[in-house]
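Peer 1: File follows, upload.cif with mmCIF, C-alpha atoms and all ligand atoms; chains and numbers go by the auth columns:
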```
data_coords
loop_
_atom_site.group_PDB
_atom_site.id
_atom_site.type_symbol
_atom_site.label_atom_id
_atom_site.label_comp_id
_atom_site.label_asym_id
_atom_site.label_seq_id
_atom_site.Cartn_x
_atom_site.Cartn_y
_atom_site.Cartn_z
_atom_site.B_iso_or_equiv
_atom_site.auth_seq_id
_atom_site.auth_asym_id
ATOM 1 C CA MET A 1 76.143 -121.579 -43.592 0.00 91 A
ATOM 2 C CA SER A 2 77.671 -118.463 -45.152 0.00 92 A
ATOM 3 C CA PHE A 3 77.465 -115.065 -43.507 0.00 93 A
ATOM 4 C CA VAL A 4 76.932 -111.884 -45.506 0.00 94 A
ATOM 5 C CA THR A 5 77.366 -108.253 -44.579 0.00 95 A
ATOM 6 C CA ILE A 6 74.161 -106.331 -45.042 0.00 96 A
ATOM 7 C CA PRO A 7 74.889 -102.576 -45.109 0.00 97 A
ATOM 8 C CA LEU A 8 73.958 -100.955 -41.793 0.00 98 A
ATOM 9 C CA GLU A 9 71.630 -98.344 -43.359 0.00 99 A
ATOM 10 C CA GLN A 10 69.695 -101.110 -45.167 0.00 100 A
ATOM 11 C CA LYS A 11 69.392 -103.134 -41.964 0.00 101 A
ATOM 12 C CA GLN A 12 68.194 -100.151 -39.968 0.00 102 A
ATOM 13 C CA ALA A 13 65.598 -99.195 -42.584 0.00 103 A
ATOM 14 C CA VAL A 14 64.220 -102.750 -42.724 0.00 104 A
ATOM 15 C CA LEU A 15 64.144 -103.142 -38.937 0.00 105 A
ATOM 16 C CA GLN A 16 62.396 -99.804 -38.493 0.00 106 A
ATOM 17 C CA GLU A 17 59.726 -100.591 -41.091 0.00 107 A
ATOM 18 C CA LEU A 18 59.125 -104.123 -39.832 0.00 108 A
ATOM 19 C CA GLY A 19 59.023 -102.925 -36.211 0.00 109 A
ATOM 20 C CA GLY A 20 56.354 -100.368 -37.145 0.00 110 A
ATOM 21 C CA ILE A 21 54.218 -103.004 -38.868 0.00 111 A
ATOM 22 C CA LYS A 22 54.610 -105.332 -35.896 0.00 112 A
ATOM 23 C CA GLU A 23 53.370 -102.623 -33.532 0.00 113 A
ATOM 24 C CA GLN A 24 50.357 -101.864 -35.742 0.00 114 A
ATOM 25 C CA PHE A 25 49.363 -105.535 -36.021 0.00 115 A
ATOM 26 C CA ALA A 26 49.887 -106.050 -32.276 0.00 116 A
ATOM 27 C CA ALA A 27 47.491 -103.149 -31.621 0.00 117 A
ATOM 28 C CA ARG A 28 44.872 -105.147 -33.576 0.00 118 A
ATOM 29 C CA HIS A 29 45.558 -108.222 -31.406 0.00 119 A
ATOM 30 C CA TRP A 30 46.824 -110.110 -34.421 0.00 120 A
ATOM 31 C CA PHE A 31 49.572 -111.952 -32.440 0.00 121 A
ATOM 32 C CA PRO A 32 47.670 -113.884 -29.750 0.00 122 A
ATOM 33 C CA GLY A 33 49.775 -116.213 -27.598 0.00 123 A
ATOM 34 C CA THR A 34 53.090 -115.353 -29.380 0.00 124 A
ATOM 35 C CA SER A 35 51.624 -116.489 -32.713 0.00 125 A
ATOM 36 C CA GLY A 36 52.421 -114.885 -36.056 0.00 126 A
ATOM 37 C CA ASN A 37 55.602 -113.944 -37.862 0.00 127 A
ATOM 38 C CA LEU A 38 56.663 -111.125 -40.184 0.00 128 A
ATOM 39 C CA SER A 39 59.481 -110.783 -42.689 0.00 129 A
ATOM 40 C CA LEU A 40 60.868 -108.134 -45.027 0.00 130 A
ATOM 41 C CA ARG A 41 63.419 -108.785 -47.766 0.00 131 A
ATOM 42 C CA VAL A 42 66.606 -106.770 -47.977 0.00 132 A
ATOM 43 C CA GLY A 43 68.945 -106.192 -50.950 0.00 133 A
ATOM 44 C CA ASP A 44 69.041 -107.921 -54.316 0.00 134 A
ATOM 45 C CA TYR A 45 66.957 -110.942 -55.236 0.00 135 A
ATOM 46 C CA THR A 46 67.490 -114.034 -57.323 0.00 136 A
ATOM 47 C CA PRO A 47 65.454 -117.194 -56.609 0.00 137 A
ATOM 48 C CA ASP A 48 68.544 -118.902 -55.170 0.00 138 A
ATOM 49 C CA ASN A 49 70.114 -115.939 -53.355 0.00 139 A
ATOM 50 C CA PHE A 50 68.198 -113.517 -51.156 0.00 140 A
ATOM 51 C CA HIS A 51 68.090 -112.330 -47.552 0.00 141 A
ATOM 52 C CA PHE A 52 65.361 -111.123 -45.259 0.00 142 A
ATOM 53 C CA ALA A 53 64.690 -109.948 -41.726 0.00 143 A
ATOM 54 C CA ILE A 54 62.242 -112.151 -39.810 0.00 144 A
ATOM 55 C CA THR A 55 60.739 -112.208 -36.330 0.00 145 A
ATOM 56 C CA ALA A 56 62.589 -114.315 -33.787 0.00 146 A
ATOM 57 C CA SER A 57 60.724 -117.454 -32.695 0.00 147 A
ATOM 58 C CA GLY A 58 58.470 -117.622 -29.671 0.00 148 A
ATOM 59 C CA LYS A 59 58.640 -113.927 -28.719 0.00 149 A
ATOM 60 C CA ASP A 60 55.794 -111.851 -27.379 0.00 150 A
ATOM 61 C CA LYS A 61 55.176 -109.886 -30.590 0.00 151 A
ATOM 62 C CA SER A 62 53.185 -107.232 -28.760 0.00 152 A
ATOM 63 C CA VAL A 63 56.325 -105.825 -27.151 0.00 153 A
ATOM 64 C CA SER A 64 59.334 -104.202 -28.850 0.00 154 A
ATOM 65 C CA THR A 65 62.852 -105.265 -27.895 0.00 155 A
ATOM 66 C CA PRO A 66 66.285 -105.156 -29.597 0.00 156 A
ATOM 67 C CA SER A 67 66.023 -108.925 -30.170 0.00 157 A
ATOM 68 C CA ASP A 68 62.739 -108.980 -32.115 0.00 158 A
ATOM 69 C CA PHE A 69 64.274 -109.719 -35.561 0.00 159 A
ATOM 70 C CA LEU A 70 67.234 -111.423 -37.185 0.00 160 A
ATOM 71 C CA PHE A 71 68.480 -111.705 -40.759 0.00 161 A
ATOM 72 C CA VAL A 72 68.387 -115.023 -42.634 0.00 162 A
ATOM 73 C CA ASP A 73 69.293 -116.322 -46.093 0.00 163 A
ATOM 74 C CA GLN A 74 67.223 -118.079 -48.768 0.00 164 A
ATOM 75 C CA GLU A 75 67.473 -121.360 -46.798 0.00 165 A
ATOM 76 C CA GLY A 76 66.207 -119.697 -43.628 0.00 166 A
ATOM 77 C CA HIS A 77 69.605 -119.860 -41.904 0.00 167 A
ATOM 78 C CA PRO A 78 70.889 -116.836 -39.956 0.00 168 A
ATOM 79 C CA CYS A 79 73.253 -114.899 -42.227 0.00 169 A
ATOM 80 C CA GLU A 80 74.899 -113.012 -39.357 0.00 170 A
ATOM 81 C CA ALA A 81 76.212 -114.079 -35.975 0.00 171 A
ATOM 82 C CA THR A 82 73.236 -114.113 -33.580 0.00 172 A
ATOM 83 C CA GLY A 83 71.896 -115.994 -30.607 0.00 173 A
ATOM 84 C CA LEU A 84 68.342 -115.542 -31.901 0.00 174 A
ATOM 85 C CA LYS A 85 66.304 -118.357 -33.429 0.00 175 A
ATOM 86 C CA PRO A 86 64.327 -117.523 -36.582 0.00 176 A
ATOM 87 C CA SER A 87 60.573 -118.141 -36.636 0.00 177 A
ATOM 88 C CA ALA A 88 59.665 -121.836 -36.641 0.00 178 A
ATOM 89 C CA GLU A 89 57.808 -121.075 -39.902 0.00 179 A
ATOM 90 C CA THR A 90 60.747 -119.436 -41.712 0.00 180 A
ATOM 91 C CA LEU A 91 60.778 -122.142 -44.410 0.00 181 A
ATOM 92 C CA ILE A 92 57.293 -121.057 -45.534 0.00 182 A
ATOM 93 C CA HIS A 93 58.544 -117.477 -45.911 0.00 183 A
ATOM 94 C CA CYS A 94 61.555 -118.793 -47.903 0.00 184 A
ATOM 95 C CA GLU A 95 59.283 -120.705 -50.249 0.00 185 A
ATOM 96 C CA ILE A 96 56.980 -117.699 -50.829 0.00 186 A
ATOM 97 C CA TYR A 97 59.959 -115.417 -51.594 0.00 187 A
ATOM 98 C CA ARG A 98 61.443 -118.029 -53.918 0.00 188 A
ATOM 99 C CA GLU A 99 58.186 -118.580 -55.811 0.00 189 A
ATOM 100 C CA THR A 100 57.034 -114.956 -56.080 0.00 190 A
ATOM 101 C CA GLY A 101 60.112 -112.706 -55.752 0.00 191 A
ATOM 102 C CA CYS A 102 57.997 -110.614 -53.362 0.00 192 A
ATOM 103 C CA GLY A 103 59.409 -108.142 -50.839 0.00 193 A
ATOM 104 C CA ALA A 104 57.444 -108.873 -47.653 0.00 194 A
ATOM 105 C CA VAL A 105 55.562 -111.809 -46.094 0.00 195 A
ATOM 106 C CA PHE A 106 53.194 -111.402 -43.144 0.00 196 A
ATOM 107 C CA HIS A 107 51.571 -114.248 -41.172 0.00 197 A
ATOM 108 C CA VAL A 108 48.853 -113.797 -38.541 0.00 198 A
ATOM 109 C CA HIS A 109 46.442 -116.021 -36.639 0.00 199 A
ATOM 110 C CA THR A 110 42.954 -114.552 -36.215 0.00 200 A
ATOM 111 C CA VAL A 111 39.642 -116.091 -35.193 0.00 201 A
ATOM 112 C CA PHE A 112 38.159 -115.241 -38.610 0.00 202 A
ATOM 113 C CA ASN A 113 40.984 -116.714 -40.687 0.00 203 A
ATOM 114 C CA ASN A 114 40.946 -119.851 -38.507 0.00 204 A
ATOM 115 C CA LEU A 115 37.180 -120.331 -38.793 0.00 205 A
ATOM 116 C CA VAL A 116 37.096 -119.764 -42.546 0.00 206 A
ATOM 117 C CA SER A 117 40.140 -121.981 -43.210 0.00 207 A
ATOM 118 C CA GLU A 118 38.491 -124.778 -41.242 0.00 208 A
ATOM 119 C CA TYR A 119 35.111 -124.327 -42.919 0.00 209 A
ATOM 120 C CA PHE A 120 36.646 -124.609 -46.420 0.00 210 A
ATOM 121 C CA GLY A 121 39.549 -126.893 -45.399 0.00 211 A
ATOM 122 C CA GLU A 122 38.227 -130.062 -47.064 0.00 212 A
ATOM 123 C CA LYS A 123 37.619 -128.190 -50.342 0.00 213 A
ATOM 124 C CA GLY A 124 41.186 -126.826 -50.278 0.00 214 A
ATOM 125 C CA ALA A 125 40.155 -123.294 -51.312 0.00 215 A
ATOM 126 C CA VAL A 126 37.934 -120.414 -50.188 0.00 216 A
ATOM 127 C CA PRO A 127 35.733 -119.009 -53.001 0.00 217 A
ATOM 128 C CA ILE A 128 34.869 -115.285 -53.025 0.00 218 A
ATOM 129 C CA GLN A 129 32.931 -113.294 -55.585 0.00 219 A
ATOM 130 C CA GLY A 130 31.870 -109.702 -56.062 0.00 220 A
ATOM 131 C CA LEU A 131 33.412 -108.058 -52.993 0.00 221 A
ATOM 132 C CA GLU A 132 34.875 -104.592 -53.532 0.00 222 A
ATOM 133 C CA LEU A 133 37.920 -105.453 -51.414 0.00 223 A
ATOM 134 C CA ILE A 134 39.063 -107.911 -54.126 0.00 224 A
ATOM 135 C CA LYS A 135 40.382 -104.743 -55.781 0.00 225 A
ATOM 136 C CA ALA A 136 43.015 -104.569 -53.024 0.00 226 A
ATOM 137 C CA PHE A 137 44.634 -107.490 -54.899 0.00 227 A
ATOM 138 C CA ASN A 138 44.765 -105.357 -58.054 0.00 228 A
ATOM 139 C CA ILE A 139 41.896 -107.325 -59.618 0.00 229 A
ATOM 140 C CA TRP A 140 39.573 -104.720 -61.138 0.00 230 A
ATOM 141 C CA GLU A 141 37.155 -106.870 -63.132 0.00 231 A
ATOM 142 C CA GLU A 142 33.454 -106.380 -62.244 0.00 232 A
ATOM 143 C CA ASN A 143 32.002 -109.121 -60.026 0.00 233 A
ATOM 144 C CA ALA A 144 35.424 -110.833 -59.944 0.00 234 A
ATOM 145 C CA ALA A 145 35.566 -114.384 -58.591 0.00 235 A
ATOM 146 C CA ILE A 146 38.701 -115.579 -56.831 0.00 236 A
ATOM 147 C CA THR A 147 39.775 -118.480 -54.642 0.00 237 A
ATOM 148 C CA ILE A 148 42.228 -118.471 -51.743 0.00 238 A
ATOM 149 C CA PRO A 149 44.141 -121.759 -51.348 0.00 239 A
ATOM 150 C CA VAL A 150 43.986 -123.664 -48.040 0.00 240 A
ATOM 151 C CA LEU A 151 46.851 -126.020 -47.128 0.00 241 A
ATOM 152 C CA PRO A 152 46.769 -128.706 -44.435 0.00 242 A
ATOM 153 C CA ASN A 153 48.377 -127.697 -41.156 0.00 243 A
ATOM 154 C CA TYR A 154 51.014 -130.426 -40.811 0.00 244 A
ATOM 155 C CA ALA A 155 53.111 -130.388 -37.641 0.00 245 A
ATOM 156 C CA GLU A 156 56.299 -130.489 -39.739 0.00 246 A
ATOM 157 C CA ILE A 157 56.809 -127.098 -41.403 0.00 247 A
ATOM 158 C CA PRO A 158 58.950 -128.514 -44.283 0.00 248 A
ATOM 159 C CA ARG A 159 55.932 -130.658 -45.275 0.00 249 A
ATOM 160 C CA ILE A 160 53.832 -127.501 -45.549 0.00 250 A
ATOM 161 C CA ALA A 161 56.565 -125.511 -47.299 0.00 251 A
ATOM 162 C CA GLU A 162 56.906 -128.129 -50.034 0.00 252 A
ATOM 163 C CA LEU A 163 53.193 -127.780 -50.884 0.00 253 A
ATOM 164 C CA VAL A 164 53.338 -123.996 -51.358 0.00 254 A
ATOM 165 C CA SER A 165 54.490 -123.963 -55.001 0.00 255 A
ATOM 166 C CA GLY A 166 51.686 -126.367 -56.004 0.00 256 A
ATOM 167 C CA VAL A 167 48.848 -124.133 -54.780 0.00 257 A
ATOM 168 C CA LEU A 168 50.288 -120.630 -55.125 0.00 258 A
ATOM 169 C CA ASN A 169 48.359 -118.472 -57.596 0.00 259 A
ATOM 170 C CA PRO A 170 50.455 -115.456 -58.674 0.00 260 A
ATOM 171 C CA ALA A 171 47.264 -113.339 -58.880 0.00 261 A
ATOM 172 C CA ILE A 172 46.234 -114.113 -55.276 0.00 262 A
ATOM 173 C CA PRO A 173 48.785 -112.942 -52.682 0.00 263 A
ATOM 174 C CA GLY A 174 47.796 -115.263 -49.866 0.00 264 A
ATOM 175 C CA ILE A 175 47.570 -118.859 -48.645 0.00 265 A
ATOM 176 C CA LEU A 176 45.624 -120.125 -45.631 0.00 266 A
ATOM 177 C CA LEU A 177 46.834 -122.926 -43.381 0.00 267 A
ATOM 178 C CA ARG A 178 43.865 -124.888 -42.103 0.00 268 A
ATOM 179 C CA GLY A 179 42.962 -124.055 -38.511 0.00 269 A
ATOM 180 C CA HIS A 180 46.178 -122.041 -38.234 0.00 270 A
ATOM 181 C CA GLY A 181 46.334 -118.679 -40.029 0.00 271 A
ATOM 182 C CA ILE A 182 47.122 -116.773 -43.215 0.00 272 A
ATOM 183 C CA TYR A 183 50.296 -115.950 -45.118 0.00 273 A
ATOM 184 C CA ALA A 184 49.954 -112.778 -47.186 0.00 274 A
ATOM 185 C CA TRP A 185 52.669 -111.119 -49.229 0.00 275 A
ATOM 186 C CA GLY A 186 53.379 -108.173 -51.500 0.00 276 A
ATOM 187 C CA LYS A 187 56.136 -106.471 -53.450 0.00 277 A
ATOM 188 C CA ASN A 188 56.860 -104.372 -50.344 0.00 278 A
ATOM 189 C CA ALA A 189 55.548 -103.954 -46.773 0.00 279 A
ATOM 190 C CA PHE A 190 52.869 -101.450 -47.817 0.00 280 A
ATOM 191 C CA GLU A 191 51.417 -103.857 -50.368 0.00 281 A
ATOM 192 C CA ALA A 192 51.669 -106.937 -48.124 0.00 282 A
ATOM 193 C CA LYS A 193 49.811 -105.016 -45.385 0.00 283 A
ATOM 194 C CA ARG A 194 47.087 -103.930 -47.820 0.00 284 A
ATOM 195 C CA HIS A 195 46.670 -107.540 -48.949 0.00 285 A
ATOM 196 C CA LEU A 196 46.543 -108.889 -45.393 0.00 286 A
ATOM 197 C CA GLU A 197 43.952 -106.313 -44.346 0.00 287 A
ATOM 198 C CA ALA A 198 41.815 -107.171 -47.383 0.00 288 A
ATOM 199 C CA PHE A 199 42.017 -110.907 -46.623 0.00 289 A
ATOM 200 C CA GLU A 200 41.001 -110.324 -43.025 0.00 290 A
ATOM 201 C CA PHE A 201 38.057 -108.138 -44.101 0.00 291 A
ATOM 202 C CA ILE A 202 36.967 -110.868 -46.511 0.00 292 A
ATOM 203 C CA PHE A 203 37.217 -113.613 -43.855 0.00 293 A
ATOM 204 C CA GLU A 204 35.094 -111.638 -41.420 0.00 294 A
ATOM 205 C CA TYR A 205 32.594 -110.958 -44.215 0.00 295 A
ATOM 206 C CA ILE A 206 32.401 -114.687 -45.098 0.00 296 A
ATOM 207 C CA TYR A 207 31.873 -115.635 -41.466 0.00 297 A
ATOM 208 C CA ARG A 208 29.098 -113.079 -40.941 0.00 298 A
ATOM 209 C CA ASP A 209 27.496 -113.905 -44.293 0.00 299 A
ATOM 210 C CA LEU A 210 27.343 -117.611 -43.385 0.00 300 A
ATOM 211 C CA LEU A 211 25.742 -116.731 -40.035 0.00 301 A
ATOM 212 C CA LEU A 212 23.159 -114.453 -41.678 0.00 302 A
ATOM 213 C CA ARG A 213 22.209 -117.130 -44.162 0.00 303 A
ATOM 214 C CA LYS A 214 21.719 -119.681 -41.376 0.00 304 A
ATOM 215 C CA SER A 215 19.363 -117.447 -39.382 0.00 305 A
HETATM 216 C C1 LIG B . 51.991 -120.256 -30.309 0.00 401 A
HETATM 217 S S1 LIG B . 51.705 -120.108 -31.989 0.00 401 A
HETATM 218 C C2 LIG B . 52.455 -121.559 -32.717 0.00 401 A
HETATM 219 C C3 LIG B . 53.528 -121.262 -33.725 0.00 401 A
HETATM 220 C C4 LIG B . 52.981 -120.410 -34.844 0.00 401 A
HETATM 221 O O1 LIG B . 52.076 -120.844 -35.537 0.00 401 A
HETATM 222 C C5 LIG B . 53.448 -119.071 -35.080 0.00 401 A
HETATM 223 O O2 LIG B . 52.954 -118.391 -35.961 0.00 401 A
HETATM 224 C C6 LIG B . 54.554 -118.480 -34.263 0.00 401 A
HETATM 225 O O3 LIG B . 55.749 -119.165 -34.372 0.00 401 A
HETATM 226 P P1 LIG B . 57.143 -118.385 -34.281 0.00 401 A
HETATM 227 O O4 LIG B . 58.188 -119.466 -34.221 0.00 401 A
HETATM 228 O O5 LIG B . 57.238 -117.531 -35.512 0.00 401 A
HETATM 229 O O6 LIG B . 57.115 -117.534 -33.038 0.00 401 A
HETATM 230 ZN ZN ZN B . 51.618 -119.554 -37.289 0.00 402 A
#
```
Let me see the structure of the file written as structure tokens.
Peer 2:
Amino acid sequence: MSFVTIPLEQKQAVLQELGGIKEQFAARHWFPGTSGNLSLRVGDYTPDNFHFAITASGKDKSVSTPSDFLFVDQEGHPCEATGLKPSAETLIHCEIYRETGCGAVFHVHTVFNNLVSEYFGEKGAVPIQGLELIKAFNIWEENAAITIPVLPNYAEIPRIAELVSGVLNPAIPGILLRGHGIYAWGKNAFEAKRHLEAFEFIFEYIYRDLLLRKS
């Protein structure tokens, strides 16, 4: 494990932005039962050398404390002296950064993303067509059809992380874990938040659409 010195101003900016996002998502009840994790990259990026701030594992993400986040390297190891433990799902964040070069990765558990991931779990992908919110992914084609990958929710996170590169579609900034939640990312926190909000809108739409069609 090698420690790096991240300039104080960079650290403060990242922690402030990530803390603000955490508060907004908590207000939407997007972190039930300590679930969910958020990360924001800091400094330069190459696929084999990057650093990011990530939520500490097992915390109540609806409260703000000085020990909410820590900084880790591209392997998910703390890159500064700390007593905090990174999110249990840090390796999935590492894999998404490595594959996409993105700037932020947000993971939340919601009833809608869980229901939809389970409904389409066997198929391995959620199909969507013609919704306006697809434009939030920068896809502007009329009546666009997209699919969101769904990965199995193995107990061992490295087993999930190693599947990410095989299903990741660079045009679709999200992956569902079956019966677990969504990972959404973007080039920065603003974009990752826009993507996550669009995914959540779409999942609620799919759920309600399926109900309507049944009745
Ligand atoms: C109680 S939720 C189970 C773990 C999980 O899926 C999650 O998102 C939170 O884990 P973390 O280690 O990031 O707190
Ligand atoms: Zn989770």
Peer 1: As an exercise, work out the distance from CA of Asn204 in chain A to CA of Ala143 in chain A in Å and give it to one decimal place.
Peer 2: 25.9 Å
Peer 1: Just the number, please: distance in Å from CA of Gly109 in chain A to CA of Lys175 in chain A, one decimal.
Peer 2: 17.3 Å
Peer 1: Evaluated on this file, the PyMOL selection byres (((not hetatm)) within 9 of (chain A and resi 401)) picks out some residues - which ones are they, written as a ChimeraX atom specification?
Peer 2: /A:121-128,144-151,175-180,197-199,270-271
Peer 1: Taking the file as I've supplied it (selection: the PyMOL selection byres (((chain A and resi 156-162) around 7) and not hetatm)), which residues are included? Please answer as JSON, numbers by chain.
Peer 2: {"A": [141, 142, 143, 144, 145, 146, 154, 155, 163, 164, 166, 167, 168, 169, 170, 174, 176]}
Peer 1: For this file, the PyMOL selection byres (((chain A and resi 259) around 12) and not hetatm) selects which residues, as number ranges by chain?
Peer 2: A: 186, 189-190, 215, 227, 236-240, 254-258, 260-265, 274-275
Peer 1: Of the candidates A:Gly269, A:Gly110, A:Gly214, A:Gly220, which shows the shortest atom-to-atom distance to ligand ZN 402 (chain A), using all atoms listed in the file?
Peer 2: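 That would be A:Gly269, the residue with the smallest distance to ligand ZN 402 (chain A).
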Peer 1: Could you give me, as a ChimeraX atom specification, the residues that have an atom at most 12 Å away from the point (70.4, -111.2, -54.3) in the coordinates of the file, using only C-alpha atoms?
Peer 2: /A:94,96,131-142,163-164,187-188,191,193
Peer 1: At a cut-off of 6 Å from (35.5, -116.7, -42.6) in the coordinates of the file, what residues are picked up using only C-alpha atoms, written as a ChimeraX atom specification?
Peer 2: /A:202-203,205-206,293-294,296-297
Peer 1: May I ask for the distance between CA of Gln100 in chain A and CA of Glu287 in chain A, given in Å to one decimal place?
Peer 2: 26.3 Å
Peer 1: When you count only C-alpha atoms and all ligand atoms, which of these residues is closest to ligand ZN 402 (chain A): A:Ala245, A:Leu301, A:Ile292, A:Leu105?
Peer 2: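 So, comparing all the options, the nearest one is A:Ala245.
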Peer 1: Given all atoms listed in the file as the basis, pick out the residue of A:Ile218, A:Ala194, A:Ile247, A:Ala171 nearest to ligand ZN 402 (chain A).
Peer 2: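 Using all atoms listed in the file, ligand ZN 402 (chain A) sits closest to A:Ile247.
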Peer 1: Of the candidates A:Trp230, A:Tyr273, A:Phe210, A:Phe115, which shows the shortest atom-to-atom distance to ligand ZN 402 (chain A), using all atoms listed in the file?
Peer 2: A:Tyr273
Peer 1: Pick from A:Thr200, A:Gln106, A:Asn228, A:Asn278: nearest to ligand ZN 402 (chain A), with all atoms listed in the file counted?
Peer 2: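 Smallest distance to ligand ZN 402 (chain A) is found for A:Thr200.
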Peer 1: Would you mind telling me which residue in A:Leu130, A:Ile272, A:Phe289, A:Leu221 lies nearest to ligand ZN 402 (chain A) when using only C-alpha atoms and all ligand atoms?
Peer 2: A:Ile272
